[in-house]
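*Asks:* This one is start_26.txt, compact mmCIF, C-alpha atoms.
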```txt
# COMPACT_ATOMS: atom_id res chain seq x y z
CA MET A 1 0.67 23.13 43.49
CA SER A 2 -0.43 19.95 41.76
CA ASP A 3 2.16 17.50 40.50
CA GLU A 4 0.36 17.43 37.15
CA PRO A 5 1.11 20.05 34.54
CA GLU A 6 -1.62 22.69 34.44
CA ASP A 7 -2.67 21.87 30.90
CA ASP A 8 -3.20 18.14 31.52
CA ILE A 9 -6.76 17.14 30.75
CA VAL A 10 -8.50 14.86 33.21
CA LEU A 11 -10.85 12.86 31.01
CA SER A 12 -13.22 11.90 33.79
CA GLU A 13 -13.86 15.59 34.54
CA LEU A 14 -15.11 16.33 31.02
CA ASP A 15 -18.82 16.23 30.25
CA ASP A 16 -19.99 13.80 27.59
CA ASP A 17 -19.76 16.18 24.66
CA GLU A 18 -16.32 17.41 25.69
CA LEU A 19 -15.12 13.87 26.25
CA VAL A 20 -16.27 12.70 22.83
CA GLN A 21 -14.61 15.71 21.27
CA GLN A 22 -11.45 14.90 23.20
CA MET A 23 -11.63 11.30 21.98
CA HIS A 24 -11.72 12.54 18.39
CA ASP A 25 -8.58 14.57 19.14
CA ASP A 26 -6.91 11.63 20.91
CA LEU A 27 -7.69 9.28 18.03
CA TYR A 28 -6.25 11.85 15.66
CA ASP A 29 -3.10 11.90 17.78
CA GLY A 30 -3.01 8.11 18.10
CA LEU A 31 -3.24 8.09 21.90
CA LYS A 32 -4.20 4.52 22.65
CA ASP A 33 -4.19 4.70 26.47
CA GLU A 34 -6.40 7.79 26.49
CA ILE A 35 -8.89 6.15 24.13
CA GLU A 36 -9.12 3.07 26.34
CA GLU A 37 -9.69 5.23 29.40
CA ALA A 38 -12.36 7.33 27.70
CA VAL A 39 -14.22 4.25 26.40
CA HIS A 40 -14.41 2.94 29.96
CA ILE A 41 -15.64 6.32 31.23
CA LEU A 42 -18.45 6.51 28.67
CA LEU A 43 -19.51 2.94 29.39
CA GLU A 44 -19.56 3.70 33.12
CA ARG A 45 -21.76 6.70 32.37
CA GLY A 46 -24.28 4.37 30.81
CA TRP A 47 -23.52 4.84 27.12
CA THR A 48 -24.34 1.79 25.02
CA PRO A 49 -21.29 0.16 23.43
CA TYR A 50 -22.81 0.87 20.01
CA ARG A 51 -23.08 4.59 20.78
CA VAL A 52 -19.47 4.74 22.02
CA LEU A 53 -18.37 2.96 18.86
CA THR A 54 -20.25 5.14 16.41
CA GLU A 55 -20.12 8.59 18.01
CA ALA A 56 -16.64 8.46 19.49
CA LEU A 57 -14.50 5.94 17.60
CA VAL A 58 -15.98 5.71 14.10
CA GLU A 59 -16.61 9.44 13.89
CA GLY A 60 -13.05 10.08 15.09
CA MET A 61 -11.62 7.77 12.45
CA ARG A 62 -13.84 9.38 9.82
CA ILE A 63 -12.11 12.69 10.55
CA VAL A 64 -8.70 10.96 10.34
CA GLY A 65 -9.73 9.46 7.00
CA ILE A 66 -10.72 12.85 5.58
CA ASP A 67 -7.42 14.43 6.56
CA PHE A 68 -5.53 11.45 5.14
CA ARG A 69 -7.36 11.84 1.85
CA ASP A 70 -6.61 15.57 1.83
CA GLY A 71 -2.90 14.98 2.40
CA ILE A 72 -2.88 16.50 5.90
CA LEU A 73 -2.17 13.20 7.64
CA PHE A 74 0.15 10.48 6.37
CA VAL A 75 0.22 6.71 6.70
CA PRO A 76 2.14 6.56 10.03
CA GLU A 77 -0.34 8.89 11.71
CA VAL A 78 -3.29 6.94 10.31
CA LEU A 79 -1.77 3.74 11.67
CA MET A 80 -1.31 5.27 15.10
CA ALA A 81 -4.95 6.36 15.02
CA ALA A 82 -5.99 2.89 13.89
CA ASN A 83 -4.04 1.37 16.77
CA ALA A 84 -5.88 3.58 19.21
CA MET A 85 -9.24 2.70 17.67
CA LYS A 86 -8.33 -0.98 17.74
CA ALA A 87 -7.70 -0.73 21.48
CA GLY A 88 -11.12 0.87 21.97
CA MET A 89 -12.76 -1.76 19.76
CA ALA A 90 -11.18 -4.54 21.82
CA ILE A 91 -13.09 -3.26 24.86
CA LEU A 92 -16.35 -2.80 22.96
CA ARG A 93 -16.42 -5.93 20.79
CA PRO A 94 -17.61 -8.42 23.43
CA LEU A 95 -20.13 -5.89 24.73
CA LEU A 96 -21.49 -5.20 21.26
CA ALA A 97 -22.23 -8.88 20.82
CA GLU A 98 -24.02 -9.01 24.19
CA THR A 99 -26.10 -5.91 23.58
CA GLY A 100 -27.25 -6.90 20.11
CA ALA A 101 -25.88 -3.98 18.11
CA PRO A 102 -27.43 -3.63 14.65
CA GLN A 103 -25.86 -5.76 11.90
CA VAL A 104 -25.66 -4.16 8.48
CA GLY A 105 -24.29 -7.16 6.62
CA LYS A 106 -21.54 -9.72 6.49
CA MET A 107 -18.15 -9.57 4.78
CA VAL A 108 -15.37 -12.05 4.09
CA ILE A 109 -12.09 -10.26 3.45
CA GLY A 110 -8.51 -11.34 2.79
CA THR A 111 -5.24 -10.43 1.08
CA VAL A 112 -4.64 -12.47 -2.07
CA LYS A 113 -2.16 -15.29 -2.60
CA GLY A 114 1.49 -14.25 -2.75
CA ASP A 115 0.86 -11.03 -0.84
CA ILE A 116 1.56 -10.57 2.84
CA HIS A 117 0.48 -6.94 3.17
CA ASP A 118 -2.44 -6.34 5.46
CA ILE A 119 -2.37 -2.76 6.71
CA GLY A 120 -5.06 -1.56 4.31
CA LYS A 121 -7.12 -4.70 4.73
CA ASN A 122 -6.99 -4.40 8.51
CA LEU A 123 -8.14 -0.79 8.33
CA VAL A 124 -11.04 -1.80 6.10
CA SER A 125 -11.95 -4.68 8.44
CA MET A 126 -11.96 -2.37 11.42
CA MET A 127 -14.00 0.36 9.78
CA MET A 128 -16.47 -2.17 8.38
CA GLU A 129 -16.86 -3.67 11.81
CA GLY A 130 -17.33 -0.19 13.23
CA ALA A 131 -20.05 0.43 10.66
CA GLY A 132 -21.95 -2.65 11.85
CA PHE A 133 -20.69 -5.34 9.50
CA ASP A 134 -19.86 -8.82 10.69
CA VAL A 135 -16.33 -9.23 9.29
CA ILE A 136 -14.58 -12.55 8.73
CA ASP A 137 -10.93 -11.75 8.13
CA LEU A 138 -8.98 -14.48 6.34
CA GLY A 139 -5.63 -12.78 6.83
CA ILE A 140 -2.89 -12.79 4.19
CA ASN A 141 -1.68 -14.93 1.29
CA ASN A 142 -5.05 -16.51 0.47
CA PRO A 143 -5.42 -18.96 -2.41
CA VAL A 144 -8.75 -19.38 -4.22
CA GLU A 145 -9.69 -22.31 -1.99
CA SER A 146 -9.55 -20.19 1.18
CA TYR A 147 -11.98 -17.69 -0.27
CA MET A 148 -14.31 -20.41 -1.56
CA ASP A 149 -14.33 -22.26 1.74
CA ALA A 150 -15.05 -19.08 3.69
CA LEU A 151 -17.84 -18.04 1.32
CA ALA A 152 -19.47 -21.45 1.64
CA GLU A 153 -19.14 -21.44 5.41
CA HIS A 154 -20.18 -17.86 6.19
CA GLN A 155 -22.48 -16.95 3.28
CA PRO A 156 -21.51 -13.26 3.38
CA ASP A 157 -23.02 -10.39 1.40
CA ILE A 158 -19.58 -9.12 0.43
CA LEU A 159 -16.25 -10.56 -0.62
CA GLY A 160 -13.34 -8.14 -0.15
CA MET A 161 -9.91 -8.70 -1.64
CA SER A 162 -6.75 -6.71 -1.06
CA ALA A 163 -3.33 -6.59 -2.77
CA LEU A 164 -0.42 -4.19 -2.48
CA LEU A 165 1.78 -5.53 -5.25
CA THR A 166 1.53 -5.13 -9.00
CA THR A 167 2.56 -8.77 -9.19
CA THR A 168 -0.21 -10.07 -6.92
CA MET A 169 -3.19 -7.94 -7.92
CA PRO A 170 -3.99 -10.09 -11.01
CA TYR A 171 -4.82 -12.92 -8.59
CA MET A 172 -8.07 -11.12 -7.79
CA LYS A 173 -9.25 -12.05 -11.27
CA VAL A 174 -8.35 -15.67 -10.61
CA VAL A 175 -10.70 -15.63 -7.61
CA ILE A 176 -13.51 -13.86 -9.50
CA ASP A 177 -13.17 -16.28 -12.41
CA ALA A 178 -13.42 -19.17 -9.94
CA LEU A 179 -16.66 -17.67 -8.62
CA LYS A 180 -17.98 -17.47 -12.18
CA GLU A 181 -16.97 -21.05 -12.94
CA ARG A 182 -18.89 -22.21 -9.90
CA GLY A 183 -21.92 -20.12 -10.93
CA ILE A 184 -21.88 -18.13 -7.69
CA ARG A 185 -20.40 -14.81 -8.81
CA ASP A 186 -23.69 -12.94 -8.52
CA ASN A 187 -24.30 -14.20 -5.00
CA TYR A 188 -21.73 -11.72 -3.67
CA ILE A 189 -20.76 -8.11 -3.90
CA VAL A 190 -17.05 -8.15 -4.74
CA LEU A 191 -15.00 -5.18 -3.52
CA VAL A 192 -11.30 -4.80 -4.23
CA GLY A 193 -8.65 -2.44 -2.91
CA GLY A 194 -4.93 -1.81 -2.59
CA ALA A 195 -2.44 0.88 -3.52
CA PRO A 196 -1.71 -0.12 -7.15
CA LEU A 197 -5.38 -0.72 -8.07
CA ASN A 198 -7.82 1.66 -9.68
CA GLU A 199 -11.40 1.66 -10.95
CA ALA A 200 -10.43 0.54 -14.45
CA PHE A 201 -8.64 -2.49 -13.04
CA ALA A 202 -11.61 -3.39 -10.83
CA GLU A 203 -13.91 -3.19 -13.83
CA SER A 204 -11.56 -5.20 -16.04
CA ILE A 205 -11.46 -8.14 -13.61
CA GLY A 206 -15.21 -8.13 -13.01
CA ALA A 207 -15.32 -6.74 -9.46
CA ASP A 208 -18.29 -4.65 -8.37
CA ALA A 209 -16.20 -1.75 -7.11
CA TYR A 210 -12.74 -0.46 -6.32
CA CYS A 211 -12.42 1.12 -2.89
CA ARG A 212 -9.53 3.55 -2.59
CA ASP A 213 -9.64 3.68 1.20
CA ALA A 214 -11.44 2.28 4.23
CA ALA A 215 -14.05 5.05 4.35
CA VAL A 216 -14.92 4.51 0.70
CA ALA A 217 -15.13 0.77 1.33
CA VAL A 218 -17.73 1.32 4.06
CA GLU A 219 -19.81 3.73 1.98
CA THR A 220 -19.61 1.51 -1.11
CA ALA A 221 -20.55 -1.58 0.87
CA LYS A 222 -23.57 0.14 2.39
CA GLU A 223 -24.73 1.49 -0.97
CA LEU A 224 -24.35 -1.79 -2.84
CA ILE A 225 -26.07 -3.79 -0.09
CA ALA A 226 -28.98 -1.33 -0.04
CA GLU A 227 -29.17 -1.52 -3.85
CA ARG A 228 -29.15 -5.30 -3.76
CA ARG A 229 -31.86 -5.44 -1.11
CA ARG A 230 -34.01 -3.01 -3.10
CA SER A 231 -33.76 -5.11 -6.24
CA ASN A 232 -34.40 -8.33 -4.30
CA SER A 233 -37.51 -6.86 -2.76
CA ALA A 234 -38.68 -5.53 -6.15
CA ALA A 235 -38.19 -9.01 -7.60
CA MET A 236 -40.24 -10.54 -4.77
CA ASN A 237 -43.03 -8.04 -5.34
CA VAL A 238 -43.14 -8.92 -9.01
CA ALA A 239 -43.22 -12.61 -8.14
CA MET B 1 10.74 26.02 -34.63
CA SER B 2 9.77 26.43 -38.31
CA PRO B 3 9.26 23.66 -40.92
CA GLU B 4 12.52 24.78 -42.51
CA ASP B 5 14.34 24.36 -39.22
CA PRO B 6 13.06 21.08 -37.77
CA HIS B 7 13.74 20.41 -34.15
CA ARG B 8 16.95 18.41 -34.12
CA ARG B 9 16.94 15.30 -31.94
CA THR B 10 20.25 13.71 -31.07
CA GLY B 11 21.68 11.42 -28.45
CA THR B 12 20.13 9.22 -25.81
CA LEU B 13 18.21 10.15 -22.68
CA PHE B 14 17.56 7.90 -19.73
CA ILE B 15 14.77 8.97 -17.43
CA ALA B 16 15.47 7.04 -14.24
CA CYS B 17 14.33 6.59 -10.70
CA GLY B 18 16.85 8.24 -8.40
CA ALA B 19 17.46 4.80 -6.88
CA LEU B 20 19.03 3.72 -10.19
CA GLY B 21 21.12 6.76 -11.20
CA ARG B 22 24.38 5.69 -9.59
CA GLU B 23 23.92 2.13 -10.80
CA LEU B 24 23.28 3.33 -14.34
CA VAL B 25 26.53 5.30 -14.30
CA ALA B 26 28.38 2.23 -12.97
CA VAL B 27 27.01 0.06 -15.79
CA LEU B 28 27.99 2.64 -18.43
CA ARG B 29 31.46 2.97 -16.96
CA ALA B 30 32.01 -0.78 -16.72
CA ALA B 31 31.03 -1.21 -20.38
CA GLY B 32 33.11 1.75 -21.51
CA LEU B 33 30.04 3.37 -23.01
CA PRO B 34 29.71 7.09 -23.71
CA ARG B 35 27.71 8.96 -21.10
CA PRO B 36 24.13 9.66 -22.23
CA THR B 37 21.99 12.30 -20.57
CA ILE B 38 20.42 11.04 -17.36
CA ALA B 39 17.39 12.67 -15.77
CA CYS B 40 16.52 11.29 -12.35
CA LEU B 41 13.28 11.59 -10.42
CA PRO B 42 13.02 11.31 -6.62
CA ALA B 43 13.39 7.75 -5.35
CA HIS B 44 11.13 8.43 -2.39
CA TRP B 45 8.17 8.55 -4.78
CA HIS B 46 8.12 4.81 -4.24
CA ASN B 47 5.96 5.73 -1.25
CA THR B 48 3.62 7.86 -3.41
CA PRO B 49 3.64 6.01 -6.76
CA GLU B 50 0.74 8.01 -8.19
CA ARG B 51 3.28 10.81 -8.79
CA ILE B 52 5.57 8.71 -10.99
CA ALA B 53 3.74 8.37 -14.32
CA PRO B 54 2.77 12.07 -14.64
CA ALA B 55 6.32 13.17 -13.77
CA VAL B 56 7.91 10.75 -16.25
CA ARG B 57 5.49 11.96 -18.94
CA GLU B 58 6.49 15.54 -18.20
CA LYS B 59 10.15 14.63 -18.69
CA ILE B 60 9.41 12.81 -21.95
CA ARG B 61 7.46 15.76 -23.33
CA GLY B 62 9.93 18.30 -21.96
CA ILE B 63 13.61 17.41 -22.07
CA GLY B 64 12.82 14.25 -24.05
CA ARG B 65 11.94 16.31 -27.14
CA ASP B 66 15.62 17.02 -27.69
CA TYR B 67 16.73 13.36 -27.86
CA GLU B 68 16.71 10.83 -30.60
CA ARG B 69 16.18 7.95 -28.18
CA VAL B 70 14.53 7.98 -24.77
CA PHE B 71 14.48 5.08 -22.31
CA VAL B 72 12.89 4.79 -18.89
CA LEU B 73 14.57 3.04 -15.98
CA TYR B 74 11.84 2.39 -13.48
CA GLY B 75 10.05 -0.60 -12.08
CA ASP B 76 6.28 -0.43 -12.23
CA CYS B 77 6.90 0.63 -8.65
CA GLY B 78 3.32 0.34 -7.47
CA THR B 79 1.78 2.39 -10.27
CA GLY B 80 -0.50 -0.55 -11.05
CA GLY B 81 0.39 -0.51 -14.74
CA GLU B 82 -0.19 3.25 -15.07
CA LEU B 83 3.46 3.86 -15.96
CA ASP B 84 3.35 1.31 -18.79
CA ARG B 85 0.04 2.65 -20.13
CA MET B 86 1.51 6.12 -20.26
CA LEU B 87 4.76 4.92 -21.87
CA GLU B 88 2.84 3.00 -24.51
CA SER B 89 0.93 6.13 -25.45
CA GLU B 90 4.20 8.09 -25.60
CA GLY B 91 6.02 5.34 -27.52
CA VAL B 92 8.85 5.06 -24.98
CA GLU B 93 10.47 1.84 -23.78
CA ARG B 94 10.96 0.90 -20.12
CA ILE B 95 13.15 -1.78 -18.61
CA PRO B 96 10.72 -4.66 -17.98
CA GLY B 97 9.73 -5.71 -14.48
CA PRO B 98 7.63 -4.59 -11.55
CA HIS B 99 10.41 -3.72 -9.09
CA CYS B 100 13.99 -2.44 -9.30
CA TYR B 101 15.14 -5.23 -7.01
CA GLN B 102 13.65 -7.73 -9.47
CA PHE B 103 15.83 -6.61 -12.36
CA PHE B 104 18.92 -6.67 -10.18
CA MET B 105 18.09 -10.17 -8.96
CA GLY B 106 16.89 -11.46 -12.32
CA THR B 107 13.27 -12.21 -13.14
CA ASP B 108 13.43 -16.00 -12.78
CA GLU B 109 15.18 -15.96 -9.42
CA PHE B 110 12.91 -13.21 -8.12
CA THR B 111 9.75 -15.03 -9.18
CA GLU B 112 10.95 -18.27 -7.61
CA THR B 113 11.95 -16.51 -4.37
CA ALA B 114 8.70 -14.55 -4.09
CA GLU B 115 6.62 -17.69 -4.69
CA ARG B 116 8.59 -19.75 -2.19
CA GLU B 117 8.70 -17.09 0.50
CA PRO B 118 6.27 -14.18 -0.03
CA GLY B 119 7.47 -12.47 3.15
CA CYS B 120 10.82 -11.31 1.77
CA PHE B 121 11.77 -7.67 2.05
CA TYR B 122 14.35 -6.63 -0.53
CA LEU B 123 17.11 -4.06 -0.32
CA THR B 124 19.53 -2.96 -3.02
CA ASP B 125 22.76 -0.99 -2.55
CA TYR B 126 20.76 2.22 -2.88
CA LEU B 127 18.13 1.15 -0.41
CA VAL B 128 20.76 0.04 2.10
CA ARG B 129 22.56 3.36 1.73
CA HIS B 130 19.36 5.31 2.26
CA PHE B 131 17.58 2.90 4.61
CA ASP B 132 17.23 5.44 7.41
CA ARG B 133 15.74 8.13 5.20
CA LEU B 134 13.54 6.05 2.88
CA ILE B 135 12.38 3.23 5.09
CA VAL B 136 12.81 4.31 8.71
CA ALA B 137 11.81 7.97 8.27
CA GLY B 138 9.66 7.32 5.18
CA LEU B 139 7.43 4.94 7.10
CA GLY B 140 7.50 7.06 10.24
CA LEU B 141 9.41 4.45 12.27
CA ASP B 142 11.70 7.15 13.65
CA ARG B 143 8.70 8.91 15.18
CA HIS B 144 6.64 5.81 15.95
CA PRO B 145 8.91 2.77 16.39
CA GLU B 146 5.93 0.84 17.74
CA LEU B 147 4.59 0.68 14.16
CA ARG B 148 7.36 -1.70 13.12
CA ASP B 149 5.32 -4.84 13.55
CA MET B 150 2.32 -3.36 11.76
CA TYR B 151 4.52 -2.78 8.73
CA PHE B 152 6.84 -5.75 8.97
CA GLY B 153 5.07 -8.28 11.18
CA ASN B 154 4.24 -10.52 8.21
CA TYR B 155 7.74 -10.36 6.72
CA THR B 156 10.18 -13.14 7.48
CA ARG B 157 13.46 -12.31 5.76
CA LEU B 158 15.43 -9.33 4.50
CA ILE B 159 17.32 -10.14 1.32
CA TYR B 160 20.06 -7.70 0.39
CA ILE B 161 20.59 -7.94 -3.36
CA ALA B 162 24.05 -6.45 -3.57
CA GLN B 163 25.30 -4.62 -6.64
CA THR B 164 28.77 -4.11 -5.19
CA ASP B 165 30.99 -6.09 -2.86
CA ASP B 166 31.05 -3.63 0.01
CA PRO B 167 31.46 -4.80 3.62
CA VAL B 168 30.15 -1.48 4.93
CA LEU B 169 26.89 -1.91 3.03
CA ARG B 170 26.63 -5.54 4.12
CA GLY B 171 26.99 -4.40 7.73
CA LYS B 172 24.30 -1.78 7.27
CA ALA B 173 22.01 -4.32 5.60
CA ARG B 174 22.43 -6.72 8.49
CA ALA B 175 21.71 -3.92 10.95
CA ALA B 176 18.58 -3.06 8.95
CA ALA B 177 17.40 -6.67 9.20
CA ASP B 178 18.00 -6.61 12.95
CA ARG B 179 16.09 -3.38 13.28
CA LEU B 180 13.12 -4.79 11.40
CA GLY B 181 13.27 -8.09 13.30
CA LEU B 182 13.91 -10.15 10.15
CA ALA B 183 16.29 -12.94 9.19
CA TYR B 184 19.13 -11.70 7.00
CA GLU B 185 20.44 -12.94 3.69
CA VAL B 186 22.77 -11.37 1.14
CA ARG B 187 22.88 -12.30 -2.54
CA HIS B 188 25.53 -10.64 -4.69
CA ARG B 189 23.93 -10.19 -8.10
CA GLY B 190 25.65 -7.12 -9.56
CA TYR B 191 23.59 -5.10 -12.02
CA GLY B 192 21.64 -8.02 -13.50
CA GLU B 193 19.03 -7.12 -16.10
CA LEU B 194 19.77 -3.41 -15.72
CA ALA B 195 23.15 -3.97 -17.36
CA VAL B 196 21.58 -6.01 -20.17
CA PHE B 197 18.96 -3.35 -20.85
CA VAL B 198 21.38 -0.41 -20.76
CA ASN B 199 23.93 -2.12 -23.01
CA ARG B 200 21.21 -2.91 -25.52
CA ALA B 201 19.78 0.60 -25.32
CA MET B 202 23.21 2.12 -25.92
CA ALA B 203 24.06 -0.14 -28.85
CA PRO B 204 24.26 1.69 -32.18
CA ALA B 205 20.98 1.55 -34.12
CA GLY B 206 20.81 -1.54 -36.32
CA ASP B 207 22.82 -3.72 -33.92
```
Spit out the file's structure as structure tokens when you get a sec.
*Replies:*
Amino acid sequence: MSDEPEDDIVLSELDDDELVQQMHDDLYDGLKDEIEEAVHILLERGWTPYRVLTEALVEGMRIVGIDFRDGILFVPEVLMAANAMKAGMAILRPLLAETGAPQVGKMVIGTVKGDIHDIGKNLVSMMMEGAGFDVIDLGINNPVESYMDALAEHQPDILGMSALLTTTMPYMKVVIDALKERGIRDNYIVLVGGAPLNEAFAESIGADAYCRDAAVAVETAKELIAERRRSNSAAMNVA
Amino acid sequence: MSPEDPHRRTGTLFIACGALGRELVAVLRAAGLPRPTIACLPAHWHNTPERIAPAVREKIRGIGRDYERVFVLYGDCGTGGELDRMLESEGVERIPGPHCYQFFMGTDEFTETAEREPGCFYLTDYLVRHFDRLIVAGLGLDRHPELRDMYFGNYTRLIYIAQTDDPVLRGKARAAADRLGLAYEVRHRGYGELAVFVNRAMAPAGD
């Protein structure tokens, strides 16, 4: 009789489809070690890092996101899943750079001044990265100058701002007003998010969109970038 | 209810977060004030603030119809201004301030502390008493202790804003700081702006 319990799954014995399905389950259950092992197995089987990322990790987190939105999963479970995905991403990130994975766009993101909360922001960063965005994460407690410096240095398509506190969310307007004063507001898509925010607030401060969760942030970013590229190309055709 | 028999409204109603019920009673008792009606809502809604404004509105339109004066004891509590927008439309007054720990500490001191050290995590008597249920279990740290640093990694200090002088609570607050890996500080501030608001609310009309 084997030492292992009968119902233990040996990941390396699963075929590709079964393994990917198992990875979705393991992400859902926040099993970091299993995700790392499975990522290595798929890479050894010749999967491109981009395919592992999109079909196994991002798709798995998409399912987690849906169940979070539907009230089936709660924040601690989402964080465990995010931890597992982060571990998989850490293996893939250097390989993605080497193999020239497609880049959808670039984003600078940070939590605003006075606010040290970064769970939501980190989830957005990770999912944006998973969706093919180059993400420059400024961390927490960012004054206007940090955002301005990063925008000048990285020239992103998107500026993302996060706040968890009622007392810090007004600072997003301070940043947007600074963009307007410098005449560069329209150079960027501005996305905002955080628990106390809503669409009306985003509109009132002059952001392009409020993103209630990481999945919405990815979809919104893709849509607004596509829209912007369409209007730029229409403008060039007219010219 | 007919026009000849108008609905009679008497007395005062406080609609309060459950985290403030005991403190409200203490303030009333200390001031020798008559006991108004107190309707409390679950304190753990702090973790799901979207539930607060609709539930407070339901209380105002339900039990609140019977009272001459209705006051709300809640911080904004992460509703992003939704609570105040609702209260404005209902014509009901709330104690000012974004957080319950702010009105215990006092607005000026809180603002100065938050600006100087944004990574402060605040506990009140209530939150110390219910730390295990609201914070440890509420954030899933009992099931997943490894999440502690994801939640609290950017925090630097736990400040216990004490309403009462209770060595047991101070001990629990210090233990909470240790558990979260934070420096510990206690500031005894009593009932602060809560007492001011409640005393004013309970003053006879015209005072």
*Asks:* Write out, as a tab-separated table, each residue of chain B that has an atom at most 10 Å from chain A, together with the closest pair of atoms and their distance in Å to one decimal, counting only C-alpha atoms, rows going by chain and rising number.
*Replies:*
```
residue	atom	partner	partner_atom	distance
B:Asn47	CA	A:Val75	CA	9.9
B:Thr48	CA	A:Ala195	CA	9.2
B:Pro49	CA	A:Pro196	CA	8.1
B:Glu50	CA	A:Pro196	CA	8.6
B:Asp76	CA	A:Thr166	CA	7.4
B:Cys77	CA	A:Thr166	CA	7.9
B:Gly78	CA	A:Pro196	CA	5.1
B:Thr79	CA	A:Pro196	CA	5.3
B:Gly80	CA	A:Pro196	CA	4.1
B:Gly81	CA	A:Thr166	CA	7.5
B:Glu82	CA	A:Pro196	CA	8.7
B:Gly97	CA	A:Thr167	CA	9.4
B:Pro98	CA	A:Thr166	CA	6.6
B:His99	CA	A:Thr166	CA	9.0
B:Thr111	CA	A:Thr167	CA	9.5
B:Ala114	CA	A:Gly114	CA	7.3
B:Glu115	CA	A:Gly114	CA	6.5
B:Arg116	CA	A:Gly114	CA	9.0
B:Glu117	CA	A:Gly114	CA	8.4
B:Pro118	CA	A:Gly114	CA	5.5
B:Gly119	CA	A:Ile116	CA	6.2
B:Cys120	CA	A:Ile116	CA	9.4
B:Ala137	CA	A:Pro76	CA	9.9
B:Gly138	CA	A:Pro76	CA	9.0
B:Leu139	CA	A:Pro76	CA	6.3
B:Gly140	CA	A:Pro76	CA	5.4
B:Leu141	CA	A:Pro76	CA	7.9
B:Arg143	CA	A:Pro76	CA	8.7
B:His144	CA	A:Pro76	CA	7.5
B:Glu146	CA	A:Met80	CA	8.9
B:Leu147	CA	A:Leu79	CA	7.5
B:Met150	CA	A:Ile119	CA	6.9
B:Tyr151	CA	A:Ile119	CA	7.2
B:Phe152	CA	A:His117	CA	8.7
B:Gly153	CA	A:His117	CA	9.3
B:Asn154	CA	A:Ile116	CA	6.0
B:Tyr155	CA	A:Ile116	CA	7.3
```
*Asks:* CA of Ile161 (chain B) to CA of Arg189 (chain B): how many Å, to one decimal?
*Replies:*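 Straight-line distance from CA of Ile161 (chain B) to CA of Arg189 (chain B) works out to 6.2 Å.
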*Asks:* Rank nothing, just name the residue among A:Met126, A:Arg230, A:Glu181, A:Val108 nearest to Asp149 (chain A), using all atoms listed in the file.
*Replies:*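 Using all atoms listed in the file, Asp149 (chain A) sits closest to A:Val108.
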*Asks:* To one decimal in Å, tell me the separation between CA of Leu96 (chain A) and CA of Met161 (chain A).
*Replies:*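 Atom-to-atom, CA of Leu96 (chain A) and CA of Met161 (chain A) are spaced 25.9 Å apart.
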*Asks:* List the neighbours of Pro167 (chain B) out to 12 Å using all atoms listed in the file; skip same-chain residues closer than 6 positions along the sequence, and give me the result as a list in words.
*Replies:*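 Within the cut-off, the hits are Asp125, Val128, Ala173, Arg174, Val186 and His188 of chain B.
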*Asks:* Write out as a list in words the residues lying within 9 Å of Lys32 (chain A), counting all atoms listed in the file and excluding same-chain residues fewer than 5 positions away.
*Replies:*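 Once the adjacent positions are removed, what remains is Asp26, Leu27, Glu37, Met80, Ala81, Asn83, Ala84, Met85, Lys86, Ala87 and Gly88 of chain A.
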*Asks:* Around (-21.4, -7.2, 11.6) in the file's frame, which residues reach within 7 Å when counting only C-alpha atoms? Return as a list of chain:residue names?
*Replies:* A:Gln103, A:Val104, A:Gly105, A:Lys106, A:Glu129, A:Gly132, A:Phe133, A:Asp134, A:Val135
*Asks:* So, with all atoms listed in the file as the atoms that count, which of B:Ala203, B:Leu180, B:Ile38, B:Leu194 lies closest to Glu23 (chain B)?
*Replies:*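 Among the listed residues, the smallest separation from Glu23 (chain B) belongs to B:Leu194.
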*Asks:* Is it possible to get the residues within 10 Å of (-9.6, 12.4, -0.1) (coordinates as in the file, counting all atoms listed in the file) written as a ChimeraX atom specification?
*Replies:* /A:65-72,212-213,215-216
*Asks:* Take every atom of region 84-97 of chain B listed in the file, pad by 5 Å on each side, and give me the axis-aligned box centre and edge lengths in Å, one decimal, as lines of an AutoDock Vina configuration file.
*Replies:*
```
center_x = 6.6
center_y = 1.2
center_z = -21.0
size_x = 23.1
size_y = 23.8
size_z = 23.0
```
